[in-house]
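What follows is a set of notes on a single structure, which appears directly below.
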Amino acid sequence: TKPKPTMIQVLEHIDGFHKIALCAFLFLLPYVYLAIRWANPVIIKYPWDRNDNCKVDSYAAFSDKKKTVVLAGSYNPPHKGHLAMIEYLSYRFKEVIVVVGFNPNKVYDVTPEQRCGMLKKMVEEIGEKNVKVQLVKGLIWRFAIKNGASMLVRGIRSWAKDGPDEQHLHFQNTIYPILLGPLWWPIPSLFLESKPQFVDISSTLVRDLCEKKCGSNGEIRIEDLSDLVPKSIAEDVRKYYSS
C-alpha cells in the first residue's frame with residue numbers, strides 16, 4: 001500500500017485560491033472560537049457544586065486546586081454576598097486574588113485603599129490563608145495574565161439582573177488581550193451567581209441606606225447594617241459612607 005501523503009504534500013497540490021482560502025480560515029478560526037465563547041458565558045448558579053470532579057466546560061475545569069483565579073470588582077462597599085463568594089472560591093481553588101480595580105485619574109468618595117482595608121478585614125474574619133487582596137490600576141486582565149491566573153471570576157446577583165452590563169466587560173476581557181497586546185490568548189471568564197439570601201444585596205443598596213439614614217436623622221447605626229455587611233467591617237462602612 002502507498003504511504004499516506006504528508007500535509008506538505010497535500011498543500012502542494014492545492015491551487016493558489018484555495019491556499020488563500022485555507023489560510024484565511026485558519027487565521028479567523030481563533031476569533032470565531034472567541035466569539036462563541038463570548039456569546040456563551042460560563043455561569044455557575046447556586047447551589048454551588050462542591051464535587052471535586054465538577055467541570056464547567058471543555059476549557060475551564062472549575063475544581064482545580066492548582067489554579068489561581070482573580071475576583072475583581074469595585075467593592076464599594078464590600079458586603080455579605082461578596083464574602084460568601086470569596087469563601088467558596090477559596091475552597092475551590094489554590095489561590096484567590098481579590099482585586100479592587102481603580103482609575104488613578106478619578107476621585108473617589110471612599111478611596112480604593114479604604115475598600116482594600118475592609119476586604120482584608122473580611123478575609124481575616126473567615127480565616128482563609130489562600131486569599132489575598134490587591135489594589136490594581138489599569139486593565140484587570142493584564143494583571144491576571146501577569147500573575148498566572150487561570151480564570152477571571154465575576155460575582156453577580158444573577159445573570160438576568162447583571163448580565164447585560166457584564167457582557168460588555170466580558171467582551172473586553174475576551175478580545176482586548178489580542179487587540180491591545182502584547183499578544184496573549186485571553187483567559188476564560190466565569191460568572192458566579194450569588195447565594196439566594198444575598199441576591200438582593202448590592203453595594204448600591206448599602207450606599208443608599210447610609211445616605212437615607214443620614215438624611216433623615218443624621219446617623220446610621222451598626223444594627224442597620226447587620227443584614228448587609230459582615231460584622232468585621234460594619235463600623236468602617238458606617239464611618240466611610242455616612243459622611
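In the C-alpha cells, each chain is lettered A, B, ... as it comes, each chain's residues begin at 1, and ligands are numbered from 1 in order of appearance.
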
Please, which residues in stretch 24-100 of chain A fall within 10 Å of stretch 107-119 of chain A when counting only C-alpha atoms, and what is the closest atom pair and distance in Å to one decimal for each, ordered by chain then residue number, as CSV?
```
residue,atom,partner,partner_atom,distance
A:Ser74,CA,A:Pro112,CA,8.1
A:Tyr75,CA,A:Arg115,CA,6.6
A:Asn76,CA,A:Arg115,CA,6.7
A:Pro77,CA,A:Arg115,CA,6.5
A:Pro78,CA,A:Leu119,CA,6.7
A:His79,CA,A:Leu119,CA,9.1
A:His82,CA,A:Leu119,CA,9.3
A:Leu83,CA,A:Leu119,CA,8.6
A:Val98,CA,A:Leu119,CA,8.3
A:Val99,CA,A:Cys116,CA,8.4
A:Val100,CA,A:Cys116,CA,6.7
```

Same residues, N, CA and C atoms, saved as a compact mmCIF listing (two decimals), in the first residue's frame:
```txt
# COMPACT_ATOMS: atom_id res chain seq x y z
N SER A 74 -15.43 46.57 42.22
CA SER A 74 -15.18 47.87 42.86
C SER A 74 -15.32 47.77 44.37
N TYR A 75 -16.17 46.86 44.84
CA TYR A 75 -16.38 46.63 46.28
C TYR A 75 -16.62 47.96 47.01
N ASN A 76 -17.65 48.64 46.58
CA ASN A 76 -17.89 50.00 47.06
C ASN A 76 -19.28 50.14 47.71
N PRO A 77 -19.48 49.54 48.90
CA PRO A 77 -18.54 48.79 49.73
C PRO A 77 -18.70 47.28 49.52
N PRO A 78 -17.79 46.49 50.09
CA PRO A 78 -17.98 45.03 50.10
C PRO A 78 -19.14 44.67 51.03
N HIS A 79 -19.76 43.51 50.76
CA HIS A 79 -20.91 43.11 51.58
C HIS A 79 -20.93 41.60 51.76
N HIS A 82 -20.41 39.30 48.70
CA HIS A 82 -19.01 39.18 48.29
C HIS A 82 -18.28 38.16 49.18
N LEU A 83 -18.51 38.24 50.47
CA LEU A 83 -17.81 37.37 51.41
C LEU A 83 -18.12 35.90 51.15
N VAL A 98 -8.34 38.77 45.26
CA VAL A 98 -9.49 39.69 45.23
C VAL A 98 -8.95 41.06 44.84
N VAL A 99 -9.36 41.54 43.69
CA VAL A 99 -8.80 42.76 43.11
C VAL A 99 -9.80 43.91 43.20
N VAL A 100 -9.32 45.01 43.74
CA VAL A 100 -10.06 46.28 43.70
C VAL A 100 -9.48 47.09 42.56
```

Task: Proximity to A:Pro41 - best of A:Leu209, A:Met122, A:Val229, A:Leu190, only C-alpha atoms - done: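 Ranked by minimum distance to A:Pro41, first place goes to A:Leu190.
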
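Here atom CA of A:Lys45 stands at a distance of 25.1 Å from atom CA of A:Glu125.
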
TODO: Step one, run DSSP on the backbone; step two, keep only residues of stretch 7-210 of chain A assigned to strand (DSSP E or B); then write them as a PyMOL selection string.
DONE: chain A and resi 42-44+57+60+64-73+93-102+131-137+151-156+189-193

Task: Selection near A:Arg154, 8 Å with only C-alpha atoms, sequence-local residues under 3 positions removed, as a ChimeraX atom specification - done: /A:71-73,189-192

Open item on the list: Just want the 9 Å neighbourhood of A:Glu235, counted on only C-alpha atoms, with same-chain residues fewer than 5 positions away dropped. Output as a ChimeraX atom specification.
Closed with: /A:221-222,240

TODO: Rounded to one decimal place, report the atom CA of A:Ile187-atom CA of A:Ser150 distance in Å.
DONE: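 Computing the Euclidean distance for atom CA of A:Ile187 and atom CA of A:Ser150 yields 6.2 Å.
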
DSSP on the backbone, alpha helix (DSSP H) only: what residues of stretch 6-231 of chain A does that give? Format it as a tab-separated table (two decimals) with N, CA, C and O atoms, in the first residue's frame.
```tsv
chain	number	residue	atom	x	y	z
A	7	MET	N	1.03	16.48	5.14
A	7	MET	CA	0.29	17.73	4.97
A	7	MET	C	0.97	18.62	3.95
A	7	MET	O	0.30	19.30	3.15
A	8	ILE	N	2.31	18.63	3.95
A	8	ILE	CA	3.04	19.45	2.97
A	8	ILE	C	2.73	18.99	1.55
A	8	ILE	O	2.50	19.80	0.65
A	9	GLN	N	2.70	17.69	1.34
A	9	GLN	CA	2.41	17.15	0.02
A	9	GLN	C	0.99	17.49	-0.42
A	9	GLN	O	0.74	17.77	-1.60
A	10	VAL	N	0.07	17.46	0.53
A	10	VAL	CA	-1.31	17.82	0.21
A	10	VAL	C	-1.40	19.27	-0.19
A	10	VAL	O	-2.05	19.63	-1.19
A	11	LEU	N	-0.71	20.16	0.55
A	11	LEU	CA	-0.76	21.59	0.25
A	11	LEU	C	-0.14	21.91	-1.11
A	11	LEU	O	-0.55	22.84	-1.79
A	12	GLU	N	0.85	21.11	-1.50
A	12	GLU	CA	1.50	21.34	-2.79
A	12	GLU	C	0.54	21.13	-3.95
A	12	GLU	O	0.75	21.67	-5.05
A	16	GLY	N	-3.63	28.15	-5.88
A	16	GLY	CA	-3.41	29.39	-5.14
A	16	GLY	C	-4.64	29.91	-4.42
A	16	GLY	O	-4.57	30.35	-3.27
A	17	PHE	N	-5.80	29.89	-5.09
A	17	PHE	CA	-7.03	30.42	-4.49
A	17	PHE	C	-7.40	29.65	-3.24
A	17	PHE	O	-7.72	30.23	-2.20
A	18	HIS	N	-7.34	28.32	-3.32
A	18	HIS	CA	-7.73	27.52	-2.17
A	18	HIS	C	-6.70	27.62	-1.04
A	18	HIS	O	-7.05	27.47	0.13
A	19	LYS	N	-5.43	27.86	-1.39
A	19	LYS	CA	-4.44	28.08	-0.35
A	19	LYS	C	-4.77	29.36	0.43
A	19	LYS	O	-4.67	29.41	1.66
A	20	ILE	N	-5.14	30.41	-0.29
A	20	ILE	CA	-5.51	31.67	0.36
A	20	ILE	C	-6.73	31.47	1.24
A	20	ILE	O	-6.80	31.96	2.37
A	21	ALA	N	-7.72	30.74	0.72
A	21	ALA	CA	-8.94	30.49	1.48
A	21	ALA	C	-8.63	29.69	2.75
A	21	ALA	O	-9.17	29.97	3.83
A	22	LEU	N	-7.75	28.71	2.63
A	22	LEU	CA	-7.38	27.90	3.79
A	22	LEU	C	-6.65	28.74	4.83
A	22	LEU	O	-6.92	28.62	6.02
A	23	CYS	N	-5.73	29.59	4.38
A	23	CYS	CA	-5.01	30.45	5.31
A	23	CYS	C	-5.96	31.42	6.02
A	23	CYS	O	-5.83	31.66	7.23
A	24	ALA	N	-6.93	31.96	5.25
A	24	ALA	CA	-7.91	32.87	5.86
A	24	ALA	C	-8.75	32.15	6.91
A	24	ALA	O	-9.04	32.68	7.99
A	25	PHE	N	-9.12	30.91	6.60
A	25	PHE	CA	-9.91	30.12	7.55
A	25	PHE	C	-9.13	29.87	8.83
A	25	PHE	O	-9.65	30.03	9.94
A	26	LEU	N	-7.85	29.48	8.68
A	26	LEU	CA	-7.03	29.20	9.86
A	26	LEU	C	-6.78	30.46	10.67
A	26	LEU	O	-6.69	30.41	11.90
A	27	PHE	N	-6.68	31.60	9.99
A	27	PHE	CA	-6.47	32.87	10.69
A	27	PHE	C	-7.71	33.28	11.49
A	27	PHE	O	-7.61	33.76	12.62
A	28	LEU	N	-8.89	33.08	10.89
A	28	LEU	CA	-10.12	33.51	11.53
A	28	LEU	C	-10.65	32.54	12.57
A	28	LEU	O	-11.45	32.91	13.43
A	29	LEU	N	-10.19	31.30	12.52
A	29	LEU	CA	-10.72	30.27	13.41
A	29	LEU	C	-10.62	30.64	14.89
A	29	LEU	O	-11.61	30.48	15.63
A	30	PRO	N	-9.48	31.16	15.37
A	30	PRO	CA	-9.42	31.53	16.79
A	30	PRO	C	-10.43	32.61	17.16
A	30	PRO	O	-11.00	32.58	18.25
A	31	TYR	N	-10.67	33.56	16.24
A	31	TYR	CA	-11.62	34.63	16.53
A	31	TYR	C	-13.05	34.10	16.57
A	31	TYR	O	-13.88	34.58	17.35
A	32	VAL	N	-13.33	33.14	15.71
A	32	VAL	CA	-14.66	32.51	15.74
A	32	VAL	C	-14.86	31.80	17.07
A	32	VAL	O	-15.92	31.89	17.70
A	33	TYR	N	-13.82	31.10	17.52
A	33	TYR	CA	-13.90	30.41	18.80
A	33	TYR	C	-14.14	31.40	19.94
A	33	TYR	O	-14.98	31.17	20.82
A	34	LEU	N	-13.41	32.53	19.93
A	34	LEU	CA	-13.58	33.53	20.98
A	34	LEU	C	-14.97	34.16	20.94
A	34	LEU	O	-15.56	34.46	21.98
A	35	ALA	N	-15.49	34.36	19.73
A	35	ALA	CA	-16.84	34.91	19.61
A	35	ALA	C	-17.87	33.96	20.20
A	35	ALA	O	-18.82	34.38	20.88
A	36	ILE	N	-17.69	32.66	19.95
A	36	ILE	CA	-18.60	31.67	20.52
A	36	ILE	C	-18.47	31.66	22.04
A	36	ILE	O	-19.47	31.58	22.77
A	37	ARG	N	-17.24	31.77	22.54
A	37	ARG	CA	-17.01	31.78	23.98
A	37	ARG	C	-17.65	32.99	24.63
A	37	ARG	O	-18.23	32.91	25.71
A	38	TRP	N	-17.57	34.15	23.95
A	38	TRP	CA	-18.18	35.36	24.48
A	38	TRP	C	-19.70	35.25	24.48
A	38	TRP	O	-20.37	35.69	25.43
A	39	ALA	N	-20.26	34.69	23.43
A	39	ALA	CA	-21.71	34.59	23.31
A	39	ALA	C	-22.32	33.54	24.23
A	39	ALA	O	-23.54	33.52	24.44
A	80	LYS	N	-21.98	41.09	52.38
A	80	LYS	CA	-22.04	39.66	52.71
A	80	LYS	C	-22.07	38.77	51.47
A	80	LYS	O	-21.58	37.64	51.50
A	81	GLY	N	-22.65	39.25	50.39
A	81	GLY	CA	-22.65	38.48	49.15
A	81	GLY	C	-21.25	38.26	48.64
A	81	GLY	O	-20.90	37.16	48.18
A	82	HIS	N	-20.41	39.30	48.70
A	82	HIS	CA	-19.01	39.18	48.29
A	82	HIS	C	-18.28	38.16	49.18
A	82	HIS	O	-17.51	37.33	48.68
A	83	LEU	N	-18.51	38.24	50.47
A	83	LEU	CA	-17.81	37.37	51.41
A	83	LEU	C	-18.12	35.90	51.15
A	83	LEU	O	-17.23	35.04	51.19
A	84	ALA	N	-19.39	35.60	50.86
A	84	ALA	CA	-19.78	34.21	50.58
A	84	ALA	C	-19.07	33.69	49.34
A	84	ALA	O	-18.61	32.53	49.31
A	85	MET	N	-18.94	34.51	48.32
A	85	MET	CA	-18.25	34.10	47.10
A	85	MET	C	-16.77	33.88	47.35
A	85	MET	O	-16.17	32.91	46.86
A	86	ILE	N	-16.14	34.79	48.09
A	86	ILE	CA	-14.71	34.65	48.39
A	86	ILE	C	-14.45	33.36	49.15
A	86	ILE	O	-13.51	32.61	48.84
A	87	GLU	N	-15.31	33.07	50.12
A	87	GLU	CA	-15.13	31.86	50.92
A	87	GLU	C	-15.27	30.61	50.06
A	87	GLU	O	-14.49	29.65	50.19
A	88	TYR	N	-16.23	30.62	49.15
A	88	TYR	CA	-16.42	29.46	48.28
A	88	TYR	C	-15.25	29.28	47.31
A	88	TYR	O	-14.74	28.17	47.13
A	89	LEU	N	-14.82	30.36	46.68
A	89	LEU	CA	-13.71	30.26	45.72
A	89	LEU	C	-12.43	29.81	46.41
A	89	LEU	O	-11.63	29.09	45.81
A	90	SER	N	-12.23	30.21	47.64
A	90	SER	CA	-11.03	29.79	48.37
A	90	SER	C	-11.04	28.28	48.59
A	90	SER	O	-9.98	27.66	48.67
A	91	TYR	N	-12.24	27.71	48.69
A	91	TYR	CA	-12.35	26.26	48.82
A	91	TYR	C	-12.06	25.57	47.48
A	91	TYR	O	-11.44	24.51	47.44
A	92	ARG	N	-12.47	26.19	46.39
A	92	ARG	CA	-12.37	25.55	45.08
A	92	ARG	C	-10.98	25.63	44.47
A	92	ARG	O	-10.57	24.75	43.72
A	112	PRO	N	-9.95	53.64	47.06
A	112	PRO	CA	-9.66	52.22	46.84
A	112	PRO	C	-8.89	51.60	48.00
A	112	PRO	O	-9.08	50.43	48.34
A	113	GLU	N	-8.00	52.37	48.62
A	113	GLU	CA	-7.24	51.87	49.76
A	113	GLU	C	-8.16	51.54	50.94
A	113	GLU	O	-7.95	50.53	51.63
A	114	GLN	N	-9.16	52.37	51.17
A	114	GLN	CA	-10.11	52.10	52.25
A	114	GLN	C	-10.93	50.85	51.97
A	114	GLN	O	-11.19	50.05	52.87
A	115	ARG	N	-11.30	50.67	50.71
A	115	ARG	CA	-12.07	49.47	50.35
A	115	ARG	C	-11.21	48.22	50.47
A	115	ARG	O	-11.68	47.16	50.88
A	116	CYS	N	-9.92	48.33	50.10
A	116	CYS	CA	-8.99	47.21	50.28
A	116	CYS	C	-8.89	46.85	51.76
A	116	CYS	O	-8.85	45.66	52.11
A	117	GLY	N	-8.83	47.87	52.61
A	117	GLY	CA	-8.74	47.62	54.04
A	117	GLY	C	-9.94	46.86	54.57
A	117	GLY	O	-9.79	45.93	55.38
A	118	MET	N	-11.13	47.19	54.08
A	118	MET	CA	-12.33	46.48	54.51
A	118	MET	C	-12.32	45.03	54.02
A	118	MET	O	-12.70	44.11	54.75
A	119	LEU	N	-11.88	44.83	52.78
A	119	LEU	CA	-11.80	43.47	52.24
A	119	LEU	C	-10.83	42.61	53.03
A	119	LEU	O	-11.09	41.43	53.30
A	120	LYS	N	-9.71	43.18	53.42
A	120	LYS	CA	-8.73	42.43	54.20
A	120	LYS	C	-9.31	42.01	55.55
A	120	LYS	O	-9.05	40.90	56.03
A	121	LYS	N	-10.09	42.88	56.16
A	121	LYS	CA	-10.74	42.52	57.42
A	121	LYS	C	-11.73	41.38	57.21
A	121	LYS	O	-11.84	40.48	58.05
A	122	MET	N	-12.46	41.42	56.08
A	122	MET	CA	-13.39	40.33	55.78
A	122	MET	C	-12.67	39.01	55.61
A	122	MET	O	-13.13	37.97	56.10
A	123	VAL	N	-11.55	39.04	54.89
A	123	VAL	CA	-10.78	37.81	54.65
A	123	VAL	C	-10.23	37.27	55.97
A	123	VAL	O	-10.24	36.05	56.21
A	124	GLU	N	-9.76	38.15	56.82
A	124	GLU	CA	-9.27	37.73	58.14
A	124	GLU	C	-10.39	37.08	58.95
A	124	GLU	O	-10.16	36.14	59.71
A	125	GLU	N	-11.60	37.58	58.75
A	125	GLU	CA	-12.75	37.05	59.50
A	125	GLU	C	-13.01	35.58	59.18
A	125	GLU	O	-13.34	34.79	60.07
A	126	ILE	N	-12.86	35.19	57.92
A	126	ILE	CA	-13.13	33.79	57.55
A	126	ILE	C	-11.88	32.92	57.68
A	126	ILE	O	-11.97	31.69	57.58
A	140	ILE	N	-7.59	44.84	34.23
A	140	ILE	CA	-7.53	43.71	35.16
A	140	ILE	C	-7.00	42.46	34.45
A	140	ILE	O	-6.26	41.67	35.04
A	141	TRP	N	-7.37	42.25	33.20
A	141	TRP	CA	-6.93	41.04	32.50
A	141	TRP	C	-5.41	41.02	32.34
A	141	TRP	O	-4.79	39.95	32.35
A	142	ARG	N	-4.79	42.19	32.21
A	142	ARG	CA	-3.33	42.22	32.13
A	142	ARG	C	-2.71	41.79	33.47
A	142	ARG	O	-1.75	41.03	33.50
A	143	PHE	N	-3.28	42.30	34.54
A	143	PHE	CA	-2.81	41.89	35.87
A	143	PHE	C	-2.98	40.39	36.05
A	143	PHE	O	-2.08	39.71	36.56
A	144	ALA	N	-4.14	39.87	35.64
A	144	ALA	CA	-4.42	38.44	35.82
A	144	ALA	C	-3.43	37.57	35.06
A	144	ALA	O	-2.91	36.58	35.58
A	145	ILE	N	-3.15	37.93	33.81
A	145	ILE	CA	-2.23	37.13	33.00
A	145	ILE	C	-0.82	37.20	33.57
A	145	ILE	O	-0.12	36.18	33.67
A	146	LYS	N	-0.38	38.39	33.96
A	146	LYS	CA	0.97	38.54	34.50
A	146	LYS	C	1.16	37.78	35.81
A	146	LYS	O	2.28	37.40	36.16
A	159	TRP	N	-27.68	36.38	36.38
A	159	TRP	CA	-27.41	36.80	35.00
A	159	TRP	C	-28.53	37.68	34.48
A	159	TRP	O	-28.29	38.61	33.71
A	160	ALA	N	-29.75	37.44	34.93
A	160	ALA	CA	-30.88	38.26	34.50
A	160	ALA	C	-30.72	39.71	34.95
A	160	ALA	O	-31.06	40.65	34.21
A	161	LYS	N	-30.18	39.91	36.15
A	161	LYS	CA	-30.03	41.27	36.67
A	161	LYS	C	-28.77	41.95	36.15
A	161	LYS	O	-28.79	43.14	35.82
A	162	ASP	N	-27.68	41.24	36.12
A	162	ASP	CA	-26.39	41.86	35.83
A	162	ASP	C	-25.80	41.49	34.48
A	162	ASP	O	-24.80	42.08	34.06
A	163	GLY	N	-26.39	40.51	33.80
A	163	GLY	CA	-25.84	40.02	32.54
A	163	GLY	C	-25.59	41.07	31.48
A	163	GLY	O	-24.49	41.12	30.90
A	164	PRO	N	-26.57	41.93	31.17
A	164	PRO	CA	-26.35	42.92	30.11
A	164	PRO	C	-25.14	43.82	30.35
A	164	PRO	O	-24.37	44.10	29.42
A	165	ASP	N	-24.95	44.25	31.59
A	165	ASP	CA	-23.79	45.09	31.89
A	165	ASP	C	-22.50	44.27	31.85
A	165	ASP	O	-21.45	44.77	31.42
A	166	GLU	N	-22.56	43.03	32.30
A	166	GLU	CA	-21.37	42.20	32.35
A	166	GLU	C	-20.89	41.78	30.96
A	166	GLU	O	-19.70	41.54	30.76
A	167	GLN	N	-21.81	41.69	30.00
A	167	GLN	CA	-21.41	41.24	28.66
A	167	GLN	C	-20.41	42.19	28.02
A	167	GLN	O	-19.52	41.76	27.27
A	168	HIS	N	-20.55	43.48	28.29
A	168	HIS	CA	-19.60	44.45	27.72
A	168	HIS	C	-18.20	44.21	28.27
A	168	HIS	O	-17.22	44.17	27.51
A	169	LEU	N	-18.10	44.04	29.59
A	169	LEU	CA	-16.80	43.75	30.18
A	169	LEU	C	-16.27	42.39	29.74
A	169	LEU	O	-15.07	42.23	29.52
A	170	HIS	N	-17.16	41.43	29.60
A	170	HIS	CA	-16.78	40.10	29.13
A	170	HIS	C	-16.18	40.18	27.72
A	170	HIS	O	-15.19	39.50	27.41
A	171	PHE	N	-16.75	41.03	26.88
A	171	PHE	CA	-16.23	41.23	25.52
A	171	PHE	C	-14.81	41.80	25.58
A	171	PHE	O	-13.90	41.32	24.86
A	172	GLN	N	-14.60	42.79	26.43
A	172	GLN	CA	-13.27	43.39	26.56
A	172	GLN	C	-12.24	42.36	27.02
A	172	GLN	O	-11.13	42.28	26.48
A	173	ASN	N	-12.62	41.57	28.03
A	173	ASN	CA	-11.68	40.57	28.56
A	173	ASN	C	-11.40	39.46	27.56
A	173	ASN	O	-10.36	38.79	27.64
A	174	THR	N	-12.31	39.25	26.61
A	174	THR	CA	-12.15	38.20	25.60
A	174	THR	C	-11.33	38.67	24.41
A	174	THR	O	-10.49	37.92	23.88
A	175	ILE	N	-11.52	39.91	23.98
A	175	ILE	CA	-10.92	40.40	22.74
A	175	ILE	C	-9.68	41.26	22.95
A	175	ILE	O	-8.70	41.18	22.21
A	176	TYR	N	-9.68	42.08	23.99
A	176	TYR	CA	-8.61	43.06	24.16
A	176	TYR	C	-7.21	42.46	24.32
A	176	TYR	O	-6.24	43.08	23.86
A	177	PRO	N	-7.04	41.30	24.96
A	177	PRO	CA	-5.68	40.75	25.03
A	177	PRO	C	-5.04	40.54	23.66
A	177	PRO	O	-3.82	40.61	23.53
A	178	ILE	N	-5.86	40.29	22.65
A	178	ILE	CA	-5.34	40.10	21.29
A	178	ILE	C	-5.20	41.44	20.57
A	178	ILE	O	-4.20	41.71	19.91
A	179	LEU	N	-6.19	42.33	20.75
A	179	LEU	CA	-6.18	43.60	20.03
A	179	LEU	C	-5.18	44.59	20.61
A	179	LEU	O	-4.52	45.32	19.86
A	203	SER	N	-23.88	46.74	46.51
A	203	SER	CA	-23.15	47.87	47.07
A	203	SER	C	-23.98	49.14	46.99
A	203	SER	O	-23.95	49.98	47.90
A	204	THR	N	-24.73	49.28	45.91
A	204	THR	CA	-25.60	50.45	45.76
A	204	THR	C	-26.64	50.50	46.87
A	204	THR	O	-26.94	51.57	47.43
A	205	LEU	N	-27.21	49.34	47.21
A	205	LEU	CA	-28.20	49.28	48.29
A	205	LEU	C	-27.59	49.75	49.60
A	205	LEU	O	-28.23	50.51	50.36
A	206	VAL	N	-26.39	49.31	49.90
A	206	VAL	CA	-25.73	49.71	51.15
A	206	VAL	C	-25.47	51.22	51.16
A	206	VAL	O	-25.74	51.90	52.16
A	207	ARG	N	-24.98	51.75	50.05
A	207	ARG	CA	-24.72	53.19	49.99
A	207	ARG	C	-26.00	53.99	50.13
A	207	ARG	O	-26.05	55.00	50.85
A	208	ASP	N	-27.05	53.55	49.45
A	208	ASP	CA	-28.33	54.27	49.53
A	208	ASP	C	-28.90	54.25	50.94
A	208	ASP	O	-29.48	55.23	51.40
A	209	LEU	N	-28.74	53.12	51.64
A	209	LEU	CA	-29.23	53.03	53.01
A	209	LEU	C	-28.48	54.01	53.91
A	209	LEU	O	-29.10	54.72	54.72
A	210	CYS	N	-27.16	54.08	53.75
A	210	CYS	CA	-26.37	55.02	54.55
A	210	CYS	C	-26.78	56.46	54.26
A	210	CYS	O	-26.93	57.28	55.17
A	211	GLU	N	-26.97	56.76	52.99
A	211	GLU	CA	-27.36	58.12	52.60
A	211	GLU	C	-28.75	58.47	53.13
A	211	GLU	O	-28.98	59.58	53.63
A	212	LYS	N	-29.66	57.51	53.06
A	212	LYS	CA	-31.04	57.75	53.51
A	212	LYS	C	-31.07	57.97	55.02
A	212	LYS	O	-31.75	58.88	55.51
A	213	LYS	N	-30.38	57.14	55.76
A	213	LYS	CA	-30.37	57.26	57.22
A	213	LYS	C	-29.74	58.57	57.66
A	213	LYS	O	-30.22	59.23	58.58
A	214	CYS	N	-28.66	58.93	56.99
A	214	CYS	CA	-28.00	60.19	57.33
A	214	CYS	C	-28.88	61.39	57.00
A	214	CYS	O	-28.88	62.40	57.70
A	215	GLY	N	-29.66	61.26	55.91
A	215	GLY	CA	-30.53	62.35	55.51
A	215	GLY	C	-31.72	62.52	56.44
A	215	GLY	O	-32.24	63.63	56.60
A	216	SER	N	-32.16	61.44	57.08
A	216	SER	CA	-33.36	61.51	57.92
A	216	SER	C	-33.05	61.92	59.35
A	216	SER	O	-33.71	62.79	59.91
A	217	ASN	N	-32.03	61.30	59.95
A	217	ASN	CA	-31.73	61.63	61.35
A	217	ASN	C	-30.25	61.89	61.60
A	217	ASN	O	-29.83	62.05	62.74
A	222	ILE	N	-25.00	50.60	63.66
A	222	ILE	CA	-24.41	49.34	63.24
A	222	ILE	C	-25.51	48.32	62.98
A	222	ILE	O	-25.42	47.51	62.04
A	223	GLU	N	-26.55	48.36	63.79
A	223	GLU	CA	-27.66	47.40	63.65
A	223	GLU	C	-28.35	47.52	62.30
A	223	GLU	O	-28.88	46.55	61.77
A	224	ASP	N	-28.34	48.72	61.73
A	224	ASP	CA	-28.99	48.94	60.42
A	224	ASP	C	-28.25	48.19	59.31
A	224	ASP	O	-28.82	47.91	58.26
A	225	LEU	N	-26.98	47.88	59.54
A	225	LEU	CA	-26.15	47.25	58.52
A	225	LEU	C	-25.95	45.75	58.75
A	225	LEU	O	-25.31	45.09	57.93
A	231	LYS	N	-19.89	41.72	60.17
A	231	LYS	CA	-19.69	42.45	61.42
A	231	LYS	C	-18.31	43.10	61.47
A	231	LYS	O	-18.15	44.20	62.03
```

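Atom CA of A:Asp236 to atom CA of A:Phe93 spans 29.1 Å [interatomic distance, one decimal].
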
Open item on the list: From the options A:Lys66, A:Pro196, A:Val96, A:Ser242, which residue's atoms come nearest to A:Trp48, counting only C-alpha atoms?
Closed with: A:Pro196

Task: Counting only C-alpha atoms, the option among A:Val153, A:Gln197, A:Lys67, A:Gly101 closest to A:Leu135 - done: A:Gly101
